[in-house]
Each structure stands twice: as C-alpha cells, then as structure tokens.
file target_31.cif (mmCIF, C-alpha atoms and all ligand atoms)
data_protein
loop_
_atom_site.label_atom_id
_atom_site.label_comp_id
_atom_site.auth_asym_id
_atom_site.auth_seq_id
_atom_site.Cartn_x
_atom_site.Cartn_y
_atom_site.Cartn_z
CA MET A 1447 -202.21 -3.64 126.38
CA THR A 1448 -199.09 -1.92 125.13
CA PRO A 1449 -199.14 1.90 125.01
CA ASP A 1450 -199.71 1.71 121.23
CA GLU A 1451 -202.66 -0.64 121.70
CA VAL A 1452 -204.19 1.81 124.19
CA ILE A 1453 -203.80 4.66 121.71
CA ASP A 1454 -205.23 2.53 118.87
CA ASN A 1455 -208.31 1.84 120.99
CA ILE A 1456 -208.82 5.53 121.73
CA ILE A 1457 -208.41 6.34 118.01
CA LYS A 1458 -210.88 3.57 117.11
CA SER A 1459 -213.40 4.87 119.64
CA GLY A 1460 -213.62 8.18 117.74
CA LEU A 1461 -213.53 10.09 121.05
CA LYS A 1462 -213.17 13.84 120.49
CA GLY A 1463 -212.13 16.38 123.10
CA ARG A 1464 -215.09 17.58 125.15
CA GLY A 1465 -213.39 20.86 126.13
CA GLY A 1466 -214.71 22.73 123.09
CA GLY A 1467 -212.17 22.17 120.31
CA GLY A 1468 -213.42 18.66 119.46
CA PHE A 1469 -209.92 17.45 118.53
CA PRO A 1470 -209.59 13.63 118.19
CA THR A 1471 -208.21 12.44 121.54
CA GLY A 1472 -206.34 9.39 120.23
CA LEU A 1473 -204.45 11.50 117.69
CA LYS A 1474 -203.45 14.02 120.35
CA TRP A 1475 -202.10 11.14 122.48
CA LYS A 1476 -200.22 9.76 119.47
CA PHE A 1477 -198.57 13.13 118.79
CA THR A 1478 -197.51 13.49 122.45
CA LYS A 1479 -196.22 9.92 122.56
CA GLY A 1480 -194.26 10.56 119.34
CA ALA A 1481 -192.57 13.71 120.70
CA ASP A 1482 -188.98 13.03 121.66
CA ALA A 1483 -188.27 14.19 125.23
CA ASP A 1484 -186.93 13.00 128.59
CA LYS A 1485 -190.07 14.22 130.39
CA LYS A 1486 -193.74 14.52 129.41
CA TYR A 1487 -196.79 15.80 131.24
CA ILE A 1488 -200.48 15.03 131.39
CA ILE A 1489 -202.84 17.87 132.33
CA CYS A 1490 -206.51 17.56 133.14
CA ASN A 1491 -208.34 20.79 132.31
CA ALA A 1492 -210.88 21.25 135.10
CA ASP A 1493 -211.20 25.01 134.80
CA GLU A 1494 -214.80 24.88 133.51
CA GLY A 1495 -215.21 28.64 133.18
CA ASP A 1496 -218.29 28.78 130.97
CA PRO A 1497 -221.16 30.43 132.88
CA GLY A 1498 -223.86 27.90 133.73
CA ALA A 1499 -221.65 24.89 132.97
CA PHE A 1500 -221.29 22.22 135.66
CA MET A 1501 -220.72 19.01 133.68
CA ASP A 1502 -217.12 18.68 134.83
CA ARG A 1503 -217.90 19.64 138.43
CA SER A 1504 -220.45 16.85 138.69
CA VAL A 1505 -217.95 14.24 137.42
CA LEU A 1506 -215.19 15.54 139.72
CA GLU A 1507 -217.48 15.49 142.76
CA GLY A 1508 -219.36 12.29 141.89
CA ASP A 1509 -216.69 10.07 140.34
CA PRO A 1510 -213.20 11.58 140.67
CA ASN A 1511 -211.76 8.06 140.24
CA ALA A 1512 -212.91 7.95 136.60
CA VAL A 1513 -210.90 11.10 135.87
CA LEU A 1514 -207.82 9.82 137.72
CA GLU A 1515 -208.06 6.49 135.87
CA GLY A 1516 -208.33 8.31 132.53
CA MET A 1517 -205.22 10.32 133.41
CA ILE A 1518 -203.27 7.24 134.52
CA ILE A 1519 -204.14 5.46 131.25
CA ALA A 1520 -203.13 8.57 129.27
CA GLY A 1521 -199.83 8.72 131.18
CA TYR A 1522 -199.12 5.05 130.49
CA ALA A 1523 -199.98 5.49 126.79
CA ILE A 1524 -197.83 8.55 126.09
CA GLY A 1525 -194.95 7.75 128.47
CA SER A 1526 -195.49 10.37 131.16
CA ASP A 1527 -194.85 10.08 134.89
CA SER A 1528 -196.22 13.43 136.06
CA ALA A 1529 -199.58 15.11 135.84
CA TYR A 1530 -201.55 18.12 137.01
CA ILE A 1531 -205.24 18.69 137.48
CA TYR A 1532 -205.95 22.39 136.95
CA CYS A 1533 -209.16 22.92 138.89
CA ARG A 1534 -210.86 26.22 139.60
CA ALA A 1535 -210.68 27.23 143.26
CA GLU A 1536 -214.44 27.92 143.10
CA TYR A 1537 -214.91 24.12 143.17
CA PRO A 1538 -213.85 23.34 146.79
CA LYS A 1539 -215.87 20.12 147.02
CA ALA A 1540 -214.42 18.81 143.74
CA ILE A 1541 -210.90 19.60 144.98
CA ALA A 1542 -211.52 17.87 148.34
CA ARG A 1543 -212.89 14.76 146.60
CA LEU A 1544 -209.96 14.72 144.16
CA ARG A 1545 -207.47 14.95 147.04
CA GLN A 1546 -209.22 12.07 148.80
CA ALA A 1547 -209.33 9.96 145.61
CA ILE A 1548 -205.62 10.62 144.94
CA ALA A 1549 -204.74 9.56 148.50
CA GLN A 1550 -206.80 6.37 148.15
CA ALA A 1551 -205.27 5.58 144.76
CA LYS A 1552 -201.76 6.07 146.18
CA LYS A 1553 -202.55 3.69 149.05
CA LYS A 1554 -203.60 1.00 146.58
CA ASN A 1555 -200.61 1.73 144.30
CA PHE A 1556 -202.87 2.78 141.39
CA LEU A 1557 -200.72 5.92 141.63
CA GLY A 1558 -197.14 6.43 142.76
CA ASP A 1559 -193.92 4.56 142.07
CA ASN A 1560 -193.78 1.28 140.13
CA ILE A 1561 -197.53 0.82 139.80
CA PHE A 1562 -198.44 -2.87 140.33
CA GLY A 1563 -194.75 -3.76 140.37
CA THR A 1564 -194.19 -2.50 136.81
CA ASN A 1565 -191.72 0.18 135.77
CA PHE A 1566 -194.62 2.61 135.24
CA THR A 1567 -194.60 5.47 137.76
CA PHE A 1568 -197.26 8.18 137.76
CA ASN A 1569 -198.05 11.03 140.14
CA ILE A 1570 -200.82 13.64 140.04
CA LYS A 1571 -200.76 17.10 141.62
CA ILE A 1572 -203.62 19.57 141.91
CA LYS A 1573 -203.20 23.21 140.88
CA GLU A 1574 -205.99 25.54 141.91
CA GLY A 1575 -206.91 28.25 139.40
CA ALA A 1576 -207.56 31.75 140.69
CA GLY A 1577 -210.73 32.50 138.77
CA ALA A 1578 -209.64 33.76 135.33
CA PHE A 1579 -211.85 32.53 132.48
CA VAL A 1580 -208.95 32.72 130.04
CA CYS A 1581 -206.96 30.19 132.09
CA GLY A 1582 -209.23 27.48 130.64
CA GLU A 1583 -207.42 28.00 127.34
CA GLU A 1584 -204.64 25.44 127.25
CA THR A 1585 -201.60 27.67 126.70
CA ALA A 1586 -202.80 30.20 129.30
CA LEU A 1587 -203.49 27.32 131.69
CA ILE A 1588 -199.94 26.04 131.23
CA ALA A 1589 -198.53 29.53 131.90
CA SER A 1590 -200.64 29.69 135.06
CA ILE A 1591 -199.24 26.36 136.36
CA GLU A 1592 -195.74 27.72 135.67
CA GLY A 1593 -196.55 30.68 137.94
CA LYS A 1594 -196.80 33.17 135.07
CA ARG A 1595 -199.69 35.43 134.09
CA GLY A 1596 -202.38 33.34 132.36
CA MET A 1597 -202.17 34.64 128.82
CA PRO A 1598 -202.65 32.55 125.65
CA LYS A 1599 -199.70 32.05 123.32
CA PHE A 1600 -199.71 31.57 119.57
CA ARG A 1601 -199.66 27.93 118.43
CA PRO A 1602 -197.61 26.20 117.01
CA PRO A 1603 -195.82 24.96 118.94
CA PHE A 1604 -198.75 22.94 120.30
CA PRO A 1605 -198.53 21.61 123.87
CA ALA A 1606 -197.98 18.12 122.41
CA GLN A 1607 -194.63 19.44 121.12
CA SER A 1608 -193.76 22.04 123.77
CA GLY A 1609 -196.08 22.51 126.72
CA LEU A 1610 -195.52 22.65 130.46
CA TRP A 1611 -191.95 23.86 131.16
CA GLY A 1612 -191.22 23.34 127.46
CA LYS A 1613 -191.94 19.60 127.63
CA PRO A 1614 -194.46 17.66 125.48
CA THR A 1615 -197.80 17.89 127.28
CA ASN A 1616 -201.10 16.19 126.69
CA ILE A 1617 -203.99 18.30 127.91
CA ASN A 1618 -207.53 16.96 128.03
CA ASN A 1619 -210.83 18.06 129.47
CA VAL A 1620 -212.43 16.29 132.49
CA GLU A 1621 -215.27 14.75 130.49
CA THR A 1622 -212.86 13.54 127.79
CA LEU A 1623 -210.73 11.74 130.39
CA ALA A 1624 -213.75 10.31 132.22
CA ASN A 1625 -214.72 8.50 128.99
CA VAL A 1626 -211.35 6.74 128.73
CA PRO A 1627 -211.74 3.90 131.32
CA TRP A 1628 -215.02 2.78 129.69
CA ILE A 1629 -213.36 2.72 126.27
CA ILE A 1630 -210.43 0.64 127.52
CA LEU A 1631 -212.75 -1.73 129.40
CA ASN A 1632 -215.22 -2.22 126.54
CA GLY A 1633 -213.08 -1.49 123.48
CA GLY A 1634 -212.98 1.39 121.02
CA ASP A 1635 -215.52 -0.28 118.71
CA ALA A 1636 -218.13 -0.54 121.49
CA TYR A 1637 -217.81 3.20 122.17
CA ALA A 1638 -217.98 4.02 118.45
CA ALA A 1639 -221.31 2.14 118.27
CA TYR A 1640 -222.89 5.23 119.89
CA GLY A 1641 -223.23 8.43 117.89
CA THR A 1642 -222.96 9.70 114.32
CA ASP A 1643 -220.40 9.22 111.54
CA ASP A 1644 -218.53 12.30 112.72
CA SER A 1645 -219.08 12.25 116.49
CA LYS A 1646 -219.01 9.17 118.70
CA GLY A 1647 -220.19 8.37 122.21
CA THR A 1648 -222.33 10.52 124.45
CA LYS A 1649 -222.22 14.18 125.50
CA VAL A 1650 -223.23 15.78 128.76
CA PHE A 1651 -225.04 19.13 128.74
CA ALA A 1652 -225.74 21.46 131.65
CA MET A 1653 -229.25 22.77 131.03
CA ALA A 1654 -229.19 26.11 132.78
CA GLY A 1655 -231.85 28.16 131.00
CA LYS A 1656 -235.60 28.56 131.05
CA VAL A 1657 -236.50 24.92 130.51
CA LYS A 1658 -238.93 23.19 132.87
CA ARG A 1659 -236.37 20.60 134.00
CA THR A 1660 -232.90 22.02 134.44
CA GLY A 1661 -229.84 19.97 135.36
CA LEU A 1662 -227.47 17.60 133.64
CA VAL A 1663 -228.46 15.64 130.57
CA GLU A 1664 -226.35 12.94 128.93
CA VAL A 1665 -227.41 11.94 125.42
CA PRO A 1666 -225.88 9.93 122.61
CA MET A 1667 -224.39 12.07 119.84
CA GLY A 1668 -226.92 12.34 117.02
CA CYS A 1669 -229.90 13.13 119.21
CA SER A 1670 -231.41 16.54 118.23
CA ILE A 1671 -231.37 19.73 120.31
CA ASN A 1672 -235.18 19.76 120.10
CA GLU A 1673 -235.29 16.29 121.68
CA VAL A 1674 -233.17 17.54 124.59
CA ILE A 1675 -235.29 20.67 125.10
CA PHE A 1676 -238.76 19.18 124.64
CA ASP A 1677 -238.54 15.42 125.36
CA ILE A 1678 -235.99 15.47 128.19
CA CYS A 1679 -236.33 18.97 129.68
CA ASP A 1680 -240.10 19.11 129.08
CA GLY A 1681 -240.07 22.37 127.10
CA ILE A 1682 -240.00 26.01 128.12
CA VAL A 1683 -241.13 27.39 131.48
CA ASP A 1684 -244.80 28.55 131.38
CA ASP A 1685 -244.98 27.02 127.89
CA LYS A 1686 -243.54 30.19 126.41
CA LYS A 1687 -242.18 30.23 122.88
CA PHE A 1688 -238.76 28.63 122.45
CA LYS A 1689 -236.44 31.12 120.73
CA ALA A 1690 -232.81 29.94 120.90
CA VAL A 1691 -230.13 28.07 122.84
CA GLN A 1692 -226.74 29.47 123.72
CA MET A 1693 -224.11 26.76 123.49
CA GLY A 1694 -220.38 26.65 124.12
CA GLY A 1695 -220.12 29.51 126.60
CA PRO A 1696 -218.65 32.93 125.76
CA SER A 1697 -216.60 31.41 122.91
CA GLY A 1698 -219.72 29.77 121.44
CA GLY A 1699 -222.86 31.08 119.81
CA CYS A 1700 -226.64 30.99 119.66
CA ILE A 1701 -228.65 28.41 117.75
CA THR A 1702 -232.10 29.73 116.87
CA ALA A 1703 -235.24 27.59 117.28
CA ASP A 1704 -235.60 27.02 113.52
CA GLN A 1705 -232.17 25.28 113.51
CA CYS A 1706 -232.73 23.10 116.58
CA ASP A 1707 -233.74 19.98 114.71
CA ILE A 1708 -230.05 19.55 113.85
CA LYS A 1709 -228.19 16.61 115.30
CA ILE A 1710 -225.86 16.95 118.25
CA ASP A 1711 -222.69 16.34 116.27
CA TYR A 1712 -219.47 18.41 116.21
CA LYS A 1713 -219.65 19.08 112.48
CA GLU A 1714 -223.32 20.14 112.51
CA ILE A 1715 -223.05 22.30 115.64
CA ASN A 1716 -219.89 24.03 114.39
CA LYS A 1717 -221.73 25.00 111.18
CA THR A 1718 -224.12 27.12 113.29
CA GLY A 1719 -221.22 29.08 114.85
CA ALA A 1720 -221.80 27.52 118.27
CA ILE A 1721 -219.35 25.18 120.02
CA MET A 1722 -219.96 21.86 121.68
CA GLY A 1723 -218.13 22.12 124.98
C1 LIG B 1 -211.04 31.14 126.05
C2 LIG B 1 -211.01 29.63 126.15
C3 LIG B 1 -211.44 29.03 127.33
C4 LIG B 1 -211.40 27.63 127.45
N1 LIG B 1 -211.85 27.07 128.61
C5 LIG B 1 -211.81 25.71 128.75
C6 LIG B 1 -212.27 25.10 129.95
O1 LIG B 1 -212.74 25.76 130.88
N2 LIG B 1 -212.20 23.72 130.04
C7 LIG B 1 -211.71 22.96 129.00
O2 LIG B 1 -211.64 21.73 129.14
N3 LIG B 1 -211.29 23.51 127.86
C8 LIG B 1 -211.32 24.87 127.71
N4 LIG B 1 -210.85 25.42 126.54
C9 LIG B 1 -210.26 24.53 125.52
C10 LIG B 1 -208.80 24.22 125.84
O3 LIG B 1 -207.96 25.23 125.29
C11 LIG B 1 -208.35 22.87 125.23
O4 LIG B 1 -208.71 22.83 123.89
C12 LIG B 1 -208.95 21.64 125.93
O5 LIG B 1 -208.67 21.65 127.31
C13 LIG B 1 -208.37 20.38 125.30
O6 LIG B 1 -208.97 19.23 125.87
P1 LIG B 1 -209.88 18.24 125.00
O7 LIG B 1 -209.11 17.91 123.75
O8 LIG B 1 -210.11 17.06 125.87
O9 LIG B 1 -211.15 19.01 124.68
C14 LIG B 1 -210.90 26.84 126.39
C15 LIG B 1 -210.48 27.45 125.20
C16 LIG B 1 -210.54 28.83 125.09
C17 LIG B 1 -210.08 29.44 123.78
#
call {"tool": "encode", "arguments": {"input": "target_31.cif", "output": "structure tokens"}}
result
Amino acid sequence: MTPDEVIDNIIKSGLKGRGGGGFPTGLKWKFTKGADADKKYIICNADEGDPGAFMDRSVLEGDPNAVLEGMIIAGYAIGSDSAYIYCRAEYPKAIARLRQAIAQAKKKNFLGDNIFGTNFTFNIKIKEGAGAFVCGEETALIASIEGKRGMPKFRPPFPAQSGLWGKPTNINNVETLANVPWIILNGGDAYAAYGTDDSKGTKVFAMAGKVKRTGLVEVPMGCSINEVIFDICDGIVDDKKFKAVQMGGPSGGCITADQCDIKIDYKEINKTGAIMG
C-alpha cells in the first residue's frame, strides 16, 4: 500500500481515538501527512493516568508488538522516521516488555534503517513519565518529552501542525494504535462492520468498581452499559442496587442507572457528560 492507501483504509475503518477525545484517527494522520516539514514525529500516549484504568497497560504488557506495529504503520503513512512512547514510570513491566519488543523488532529490521530494504527508516524511543496526571494531555506530554514542565498549551496550533520541537506530530493512544495492524490486515470495511453509525470497532473497559466480575471487558461499540454491567460483569456485589457508573476518569462524568440502557457510542456517551476513554 502507498501511504495514502494506508490513510484511506484508516479513514474507511471509522477508527476514533481511544484516548478520550474520540477524534477520527485517519483524519489526524491525513493532517499530519499534509503538514509541510523536514521532520515529523509519531507519539504513542501510554500515560494512562485515569484512576482504575488499565486497558493500555494490559496491551503494553501482553502484546507490545501490536502497538509498535501500529506506530510503524503510522510513521510510514505520515512520513515520519522518529517516534516516542510516553509511558508512565509506574508501569515497569510494560516498559520492560516494550524495550524487549523494540530490540526484537530492530533485530528483524521491522524497525531501524531502511526497513526491508526500502527507503523507509523508523526508530522508537521510550520516555518515562514522572507521575503527573496532566502529562497525559497531548500538549503537556510534548512539553514533558522536551524536558519542560508538563503544562497544557492553547490549541491551535495542534500537534499535527506544530508538536514535538515545533515539528508536525501525530499523537495517538495505545489502544488506538493497537487497532491499526488489524485494520490494515483485514481492511477498513471489515473493521467498520463492527459498531454503530457513529462509532466503529470495539472498545476495552477496565471494570474497577463494585461489580461481581472486575477486570477488562472488550465489547463491540453499540452494546449497552447495562449489558456490560449485568450480562458480562454479573451485576453488583451482594446484589445491591446499581446506582451509577463513572466513566472517562477525572475529566469524565457519571452516568446514572436510569441512563445505562444507552449504547456504547461516542455521540451517546458524550451527551451524558461522560467521556469514552
Ligand atoms: C487532562 C487530560 C489527560 C489526558 N490523559 C490521557 C492519557 O492518559 N492517555 C491518552 O491516551 N490520552 C489522554 N488524554 C487525551 C490526549 O490529550 C489526546 O487527545 C490523545 O492522546 C490523542 O490520542 P487518540 O486520538 O488516539 O485518542 C488526556 C487529555 C486530558 C485533557
């Protein structure tokens, strides 16, 4: 595939950013590809600061290769040769597994200079975050990589125009990037077959509250919150009354029990004031 064909497939898939904002991933890639610059960066946001969230940690520890592959494909598509994974230092196992996966990928020339004898070169570095929740926000995260205090900046300019060291930068969440290899392997249309009109594919949730079965749940978009709580997590501990779910971390909101028959869909969830991230 050419870089444009890769981006077209991601647009067709309907994939939206899993980091909370729900921005269409293919469009973000297109904007970064279209920015005129001698250097561009890819960043994987692995800060995962929301209390109780461990969706990204499980992917990083269990299948770091999927994230690396997503980043390599993103780099090829937008014309970048350098990338960072910004991972919280509280995830030592994830960092160790990433380092190992990067070393293995370099050995096989999936990463490094002239990948598979082409003129595409791509390298990934890891930057460990020092535990500030705000550094999950993309502009603060970029400042932190640059060695500055992690404080958000007003946008525009968006990172796609001026990001890391003033260069166009594509920043995506771990879960977003881990979806990319499947989309490229199976095609954007196959991915878009899962989900609702507005939100495609599947979403992973970390069920950390008073449900009988806690842990990670991956459901197709369009399934209801009630289905997750009662059918998958088997309801509330001691069969107490279900009152509300808190979704989207400190930036999100609470969805009361009477609203929980709504579909898991960016548009529907955002209407409640919560965030899908
Ligand atoms: C206060 C704050 C904290 C955030 N924390 C995270 C985070 O921990 N991980 C993440 O992926 N995105 C986080 N975001 C969203 C990022 O700014 C950004 O939108 C995201 O990394 C883009 O990737 P995506 O398009 O794949 O979702 C946060 C945003 C805000 C405002």
call {"tool": "atom_distance", "arguments": {"input": "target_31.cif", "atom1": "atom O9 of ligand LIG 1 (chain B)", "atom2": "CA of Thr1642 (chain A)"}}
result
18.3 Å
call {"tool": "atom_distance", "arguments": {"input": "target_31.cif", "atom1": "CA of Val1580 (chain A)", "atom2": "CA of Ile1617 (chain A)"}}
result
15.4 Å
call {"tool": "closest_residue", "arguments": {"input": "target_31.cif", "among": "A:Ile1629, A:Val1683, A:Ile1489, A:Val1663", "to": "ligand LIG 1 (chain B)", "atoms": "all atoms listed in the file"}}
result
A:Ile1489
call {"tool": "closest_atom_pairs", "arguments": {"input": "target_31.cif", "of": "chain A", "to": "ligand LIG 1 (chain B)", "cutoff": "9 Å", "atoms": "only C-alpha atoms and all ligand atoms", "output": "tab-separated table"}}
result
residue	atom	partner	partner_atom	distance
A:Lys1462	CA	B:LIG1	O7	6.6
A:Gly1463	CA	B:LIG1	O9	3.2
A:Arg1464	CA	B:LIG1	O9	4.2
A:Gly1465	CA	B:LIG1	O9	3.2
A:Gly1466	CA	B:LIG1	C9	5.4
A:Gly1467	CA	B:LIG1	O4	5.0
A:Gly1468	CA	B:LIG1	O9	5.7
A:Phe1469	CA	B:LIG1	O7	5.3
A:Pro1470	CA	B:LIG1	O7	7.0
A:Thr1471	CA	B:LIG1	O7	6.0
A:Lys1474	CA	B:LIG1	O7	7.7
A:Ile1489	CA	B:LIG1	O5	8.6
A:Cys1490	CA	B:LIG1	O5	7.4
A:Asn1491	CA	B:LIG1	O2	4.7
A:Ala1492	CA	B:LIG1	N2	5.8
A:Asp1493	CA	B:LIG1	O1	4.3
A:Glu1494	CA	B:LIG1	O1	3.5
A:Gly1495	CA	B:LIG1	O1	4.4
A:Asp1496	CA	B:LIG1	O1	6.3
A:Asp1502	CA	B:LIG1	O2	8.5
A:Arg1534	CA	B:LIG1	O1	8.9
A:Phe1579	CA	B:LIG1	C3	6.2
A:Val1580	CA	B:LIG1	C1	4.8
A:Cys1581	CA	B:LIG1	C3	6.6
A:Gly1582	CA	B:LIG1	N1	3.3
A:Glu1583	CA	B:LIG1	O3	3.5
A:Glu1584	CA	B:LIG1	O3	3.9
A:Thr1585	CA	B:LIG1	O3	7.0
A:Ala1586	CA	B:LIG1	O3	8.2
A:Leu1587	CA	B:LIG1	O3	8.1
A:Pro1598	CA	B:LIG1	C17	8.3
A:Asn1616	CA	B:LIG1	O6	8.5
A:Ile1617	CA	B:LIG1	O6	5.5
A:Asn1618	CA	B:LIG1	O8	3.4
A:Asn1619	CA	B:LIG1	O2	3.8
A:Val1620	CA	B:LIG1	O2	6.4
A:Glu1621	CA	B:LIG1	O8	7.3
A:Thr1622	CA	B:LIG1	O8	4.9
A:Leu1623	CA	B:LIG1	O8	7.0
A:Gly1695	CA	B:LIG1	C3	8.7
A:Pro1696	CA	B:LIG1	C1	7.8
A:Ser1697	CA	B:LIG1	C1	6.4
A:Gly1723	CA	B:LIG1	N3	7.6
call {"tool": "closest_residue", "arguments": {"input": "target_31.cif", "among": "A:Ile1591, A:Ala1624, A:Met1501, A:Ala1578", "to": "Glu1664 (chain A)", "atoms": "all atoms listed in the file"}}
result
A:Met1501
call {"tool": "atom_distance", "arguments": {"input": "target_31.cif", "atom1": "CA of Gly1668 (chain A)", "atom2": "CA of Gly1641 (chain A)"}}
result
5.4 Å
